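Quick notes on the structure that follows.
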Amino acid sequence: MEKEFLQLIQQIKPVDLSLEEKAYAHLDNLTKPPRSLGRLEEIAARLFALSKGKVEPYPARIYTCAADHGVVEEGVSPYPQEVTRQMVLNFLNNGAGINVLCATSGVELKVVDVGVKGDTFPEHPDLIQKKIKPGTNNLVKTRAMTKEECLQALFLGLELARKAKEEGIKSLGTGEMGIGNTTPSTALYCAFLNLDPYECTGKGAGLDEQKVKQKARLIAQALERHKREVNSQDPLEILSSLGGLEIACLTGLILGGALEEMAVVIDGFISTAAFVAAYNLNPLVKDYCFFSHCSAENYHQALLKNLKARPLLDLGLRLGEGTGAALAFFLLKAAANIFNNMATFEQAGVSKEIK
């Protein structure tokens, strides 16, 4: 299974960034001063390059992947674990922030049960039930997943991307739900980027200062266990030892989006951890990705700088679910409409000469 996965993701093709100049030639001939629409033009040019001549980010789909985490037993979240399951039902009843923002941006939402505690959910057209196990193990005490479980989640993400492409989806967005999942995300950042957990651990869903310090200590303990037990140079070992089922699934989704040559919009803190794992498995994914926003979660801004990634928005969001991605998709749509619908100087009869 591991060999098959690694062979598959090595098939990701680099984006031909030279095509961006062709896109800019068109954008510079639109009725505006050159580059006056700033990052909207950057978005359009990148979409043009990764789609080899088209700027069509819609139809777009966000996969909100849900799973539970054994580390919750350590008190790393102010919310009980049952909230993961309750929120999945809320998504399916169109009651959550992600539902409202997807509807606003015209983005399709699919919810994926990768590892939510409890039985299967009632059937729903927007629910994909692929539970690998009912939550991870407590990563402070033992590895969160076996490598086989992690690979199952990665392959699920690859399959979600492939199916979306088959169904005519042009762009993907990442979203997640899992009480306690800022803890494995922070642990992954520390392991992949050699960071200090006492510097980058945040309050998650609302911990007080004392609880944040306790959370940082637990992450430090998890990292010590990880170094003793696991090959710290192997991205799959890192992800399975410290990650979450939904994070691994999103890692596969990001890799799968790149494999299918689709734009992938990364949400916030947890989704960026999935991106870091995907990048360590194949760095070519980066040119397919748009970072939707800078999270209000502690250290996310520094992480984005570390990755040399420029977020599209900075609105103080820290909800997750894919809400930042849903907002960013509106910018992709705006960029595409500028590229495709704005008049050229010749069409509008406007002089292009500068006196």
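Note on naming: chains are A, B, ... as they come in the structure tokens, residues start from 1 per chain, ligands start from 1 in the order shown.
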Kindly assemble as JSON lines a list of the region 237-322 of chain A residues that lie within 7 Å of region 59-79 of chain A, each paired with its nearest atom pair and their distance in Å to one decimal, using only C-alpha atoms, sorted first by chain and then by ascending residue number.
{"residue": "A:Gly244", "atom": "CA", "partner": "A:His69", "partner_atom": "CA", "distance": 6.8}
{"residue": "A:Leu245", "atom": "CA", "partner": "A:Ala67", "partner_atom": "CA", "distance": 6.1}
{"residue": "A:Glu246", "atom": "CA", "partner": "A:Cys65", "partner_atom": "CA", "distance": 5.3}
{"residue": "A:Glu321", "atom": "CA", "partner": "A:Thr64", "partner_atom": "CA", "distance": 6.0}
{"residue": "A:Gly322", "atom": "CA", "partner": "A:Thr64", "partner_atom": "CA", "distance": 6.5}
Writer output for current selection, N, CA and C atoms, as a PDB file, in the first residue's frame:
ATOM      1  N   GLY A 244      -3.971  13.237  12.553  1.00  0.00           N
ATOM      2  CA  GLY A 244      -5.359  12.842  12.747  1.00  0.00           C
ATOM      3  C   GLY A 244      -5.889  12.252  11.460  1.00  0.00           C
ATOM      4  N   LEU A 245      -6.958  11.497  11.550  1.00  0.00           N
ATOM      5  CA  LEU A 245      -7.533  10.870  10.364  1.00  0.00           C
ATOM      6  C   LEU A 245      -8.021  11.907   9.359  1.00  0.00           C
ATOM      7  N   GLU A 246      -8.641  12.984   9.866  1.00  0.00           N
ATOM      8  CA  GLU A 246      -9.121  14.022   8.936  1.00  0.00           C
ATOM      9  C   GLU A 246      -7.955  14.801   8.341  1.00  0.00           C
ATOM     10  N   GLU A 321     -13.587  24.369   9.650  1.00  0.00           N
ATOM     11  CA  GLU A 321     -14.702  23.849   8.848  1.00  0.00           C
ATOM     12  C   GLU A 321     -14.509  24.031   7.339  1.00  0.00           C
ATOM     13  N   GLY A 322     -13.592  24.922   6.938  1.00  0.00           N
ATOM     14  CA  GLY A 322     -13.467  25.317   5.537  1.00  0.00           C
ATOM     15  C   GLY A 322     -14.001  26.712   5.285  1.00  0.00           C
TER      16      GLY A 322
END
Filtered DSSP result for region 53-165 of chain A, state strand (DSSP E), as number ranges by chain: A: 60-67, 108-115, 127-129
Print the selection's residues with N, CA and C atoms to a file, as an mmCIF file, in the first residue's frame.
data_model
loop_
_atom_site.group_PDB
_atom_site.id
_atom_site.type_symbol
_atom_site.label_atom_id
_atom_site.label_comp_id
_atom_site.auth_asym_id
_atom_site.auth_seq_id
_atom_site.Cartn_x
_atom_site.Cartn_y
_atom_site.Cartn_z
ATOM 1 N N ALA A 60 -16.875 24.559 -7.846
ATOM 2 C CA ALA A 60 -15.911 24.335 -6.778
ATOM 3 C C ALA A 60 -16.573 23.519 -5.663
ATOM 4 N N ARG A 61 -15.751 22.746 -4.982
ATOM 5 C CA ARG A 61 -16.271 21.894 -3.898
ATOM 6 C C ARG A 61 -15.321 21.914 -2.715
ATOM 7 N N ILE A 62 -15.879 22.071 -1.525
ATOM 8 C CA ILE A 62 -15.123 21.915 -0.280
ATOM 9 C C ILE A 62 -15.482 20.576 0.342
ATOM 10 N N TYR A 63 -14.464 19.837 0.737
ATOM 11 C CA TYR A 63 -14.663 18.626 1.530
ATOM 12 C C TYR A 63 -14.331 18.962 2.983
ATOM 13 N N THR A 64 -15.349 18.900 3.838
ATOM 14 C CA THR A 64 -15.120 19.075 5.270
ATOM 15 C C THR A 64 -15.006 17.694 5.893
ATOM 16 N N CYS A 65 -13.791 17.338 6.272
ATOM 17 C CA CYS A 65 -13.492 15.992 6.755
ATOM 18 C C CYS A 65 -13.515 15.981 8.287
ATOM 19 N N ALA A 66 -14.198 15.009 8.854
ATOM 20 C CA ALA A 66 -14.425 15.000 10.298
ATOM 21 C C ALA A 66 -13.864 13.735 10.940
ATOM 22 N N ALA A 67 -13.253 13.916 12.109
ATOM 23 C CA ALA A 67 -12.731 12.775 12.868
ATOM 24 C C ALA A 67 -12.487 13.206 14.312
ATOM 25 N N GLU A 108 -20.016 24.084 -3.563
ATOM 26 C CA GLU A 108 -20.640 22.857 -3.089
ATOM 27 C C GLU A 108 -19.904 22.346 -1.857
ATOM 28 N N LEU A 109 -20.641 21.784 -0.907
ATOM 29 C CA LEU A 109 -20.055 21.239 0.314
ATOM 30 C C LEU A 109 -20.347 19.751 0.420
ATOM 31 N N LYS A 110 -19.304 18.963 0.671
ATOM 32 C CA LYS A 110 -19.450 17.554 1.009
ATOM 33 C C LYS A 110 -18.811 17.324 2.372
ATOM 34 N N VAL A 111 -19.466 16.562 3.218
ATOM 35 C CA VAL A 111 -18.971 16.245 4.557
ATOM 36 C C VAL A 111 -18.493 14.795 4.546
ATOM 37 N N VAL A 112 -17.313 14.565 5.105
ATOM 38 C CA VAL A 112 -16.714 13.230 5.071
ATOM 39 C C VAL A 112 -16.469 12.745 6.503
ATOM 40 N N ASP A 113 -17.082 11.615 6.847
ATOM 41 C CA ASP A 113 -16.786 10.978 8.139
ATOM 42 C C ASP A 113 -15.599 10.047 7.932
ATOM 43 N N VAL A 114 -14.427 10.510 8.375
ATOM 44 C CA VAL A 114 -13.209 9.710 8.260
ATOM 45 C C VAL A 114 -12.978 8.922 9.543
ATOM 46 N N GLY A 115 -13.444 9.479 10.675
ATOM 47 C CA GLY A 115 -13.155 8.809 11.940
ATOM 48 C C GLY A 115 -13.891 9.410 13.120
ATOM 49 N N LEU A 127 -23.225 13.573 2.508
ATOM 50 C CA LEU A 127 -22.355 12.907 3.483
ATOM 51 C C LEU A 127 -21.660 11.715 2.843
ATOM 52 N N ILE A 128 -20.364 11.647 3.014
ATOM 53 C CA ILE A 128 -19.569 10.510 2.551
ATOM 54 C C ILE A 128 -19.087 9.762 3.790
ATOM 55 N N GLN A 129 -19.548 8.536 3.976
ATOM 56 C CA GLN A 129 -19.234 7.769 5.180
ATOM 57 C C GLN A 129 -18.120 6.767 4.872
#
Among listed residues A:Ser105, A:Thr183, A:Ser241, A:Asn99, nearest Glu149 (chain A) (using only C-alpha atoms):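 Closest residue, counting only C-alpha atoms: A:Ser241.
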Pairwise distance for CA of Thr31 (chain A) and CA of Gly53 (chain A), rounded to one decimal in Å: 20.7 Å
Pairwise distance for CA of Gly118 (chain A) and CA of Ala153 (chain A), rounded to one decimal in Å: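 CA of Ala153 (chain A) lies at a distance of 18.0 Å from CA of Gly118 (chain A).
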Residues of region 24-257 of chain A in alpha helix (DSSP H), written as a PyMOL selection string: chain A and resi 24-27+38-50+82-92+97-105+147-166+182-193+197-200+209-229+235-242+245-257
Using only C-alpha atoms, I'd like a table of the residues in region 289-339 of chain A that come within 9 Å of region 161-180 of chain A; for each, show the closest atom pair and its distance in Å rounded to one decimal, ordered by chain and ascending number, as CSV.
residue,atom,partner,partner_atom,distance
A:Gly320,CA,A:Glu176,CA,6.4
A:Glu321,CA,A:Gly175,CA,4.5
A:Gly322,CA,A:Gly175,CA,3.7
A:Thr323,CA,A:Gly175,CA,7.4
A:Gly324,CA,A:Gly175,CA,8.8
A:Ala325,CA,A:Gly173,CA,5.9
A:Ala326,CA,A:Gly173,CA,7.5
A:Phe329,CA,A:Gly173,CA,8.3
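Pairwise distance (CA of Asp287 (chain A), CA of Thr272 (chain A)) equals 14.3 Å.
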Shell of 10 Å around Gln152 (chain A), only C-alpha atoms, local chain residues under 2 positions omitted, as JSON, numbers by chain: {"A": [1, 2, 5, 114, 130, 131, 132, 146, 147, 148, 149, 150, 154, 155, 156, 157, 158, 245, 248, 249, 252]}
Could you please take those selected residues and save C-alpha atoms as a compact mmCIF listing (two decimals), in the first residue's frame?
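And here's selection-v4.txt as it stands now:
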# COMPACT_ATOMS: atom_id res chain seq x y z
CA MET A 1 0.00 0.00 0.00
CA GLU A 2 2.81 2.43 0.91
CA PHE A 5 0.87 5.51 -2.66
CA VAL A 114 -13.21 9.71 8.26
CA LYS A 130 -15.74 6.27 5.06
CA LYS A 131 -14.94 5.81 8.75
CA ILE A 132 -11.51 4.21 9.09
CA THR A 146 -0.84 2.87 12.39
CA LYS A 147 0.82 3.61 9.08
CA GLU A 148 -1.84 1.43 7.39
CA GLU A 149 -4.67 3.51 8.89
CA CYS A 150 -2.90 6.69 7.82
CA LEU A 154 -4.51 9.35 2.41
CA PHE A 155 -5.97 7.12 -0.29
CA LEU A 156 -9.45 8.34 0.64
CA GLY A 157 -8.31 11.92 0.04
CA LEU A 158 -6.83 10.95 -3.32
CA LEU A 245 -7.53 10.87 10.36
CA ALA A 248 -4.36 12.65 6.72
CA CYS A 249 -7.44 12.63 4.50
CA GLY A 252 -4.41 13.05 0.43
Proximity check region 147-249 of chain A to region 288-300 of chain A, 12 Å, nearest pairs one decimal Å, only C-alpha atoms, as a Markdown table:
| residue | atom | partner | partner_atom | distance |
| --- | --- | --- | --- | --- |
| A:Ser171 | CA | A:Tyr288 | CA | 9.9 |
| A:Leu172 | CA | A:Cys289 | CA | 9.5 |
| A:Gly173 | CA | A:Ser292 | CA | 9.3 |
| A:Thr174 | CA | A:Ser292 | CA | 9.9 |
| A:Gly175 | CA | A:Ser292 | CA | 11.3 |
| A:Thr182 | CA | A:Glu297 | CA | 9.0 |
| A:Thr183 | CA | A:Glu297 | CA | 11.8 |
| A:Ser185 | CA | A:His300 | CA | 11.0 |
| A:Thr186 | CA | A:Tyr299 | CA | 9.6 |
| A:Tyr189 | CA | A:His300 | CA | 10.2 |
| A:Cys190 | CA | A:Tyr299 | CA | 11.4 |
| A:Leu195 | CA | A:Tyr299 | CA | 10.5 |
| A:Asp196 | CA | A:Tyr299 | CA | 11.0 |
| A:Pro197 | CA | A:Tyr299 | CA | 10.4 |
| A:Tyr198 | CA | A:Tyr299 | CA | 10.8 |
| A:Glu199 | CA | A:Tyr299 | CA | 7.8 |
| A:Cys200 | CA | A:Tyr299 | CA | 5.2 |
| A:Thr201 | CA | A:Asn298 | CA | 6.5 |
| A:Gly202 | CA | A:Asn298 | CA | 4.7 |
| A:Lys203 | CA | A:Glu297 | CA | 7.1 |
| A:Gly204 | CA | A:Glu297 | CA | 6.7 |
| A:Ala205 | CA | A:Glu297 | CA | 9.2 |
| A:Gly206 | CA | A:Glu297 | CA | 10.0 |
| A:Leu207 | CA | A:Glu297 | CA | 11.4 |
| A:Val212 | CA | A:Asn298 | CA | 10.5 |
Close residues, Leu307 (chain A) itself excluded, 12 Å, only C-alpha atoms, min 2 positions apart in chain, as a PyMOL selection string: chain A and resi 189+192-193+272-273+275-276+279-280+283+286+289+291+300-305+309-311
Which residue of A:Glu123, A:Glu56, A:Thr104, A:Asn29 approaches Leu92 (chain A) most closely, using only C-alpha atoms: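 Ranked by minimum distance to Leu92 (chain A), first place goes to A:Glu123.
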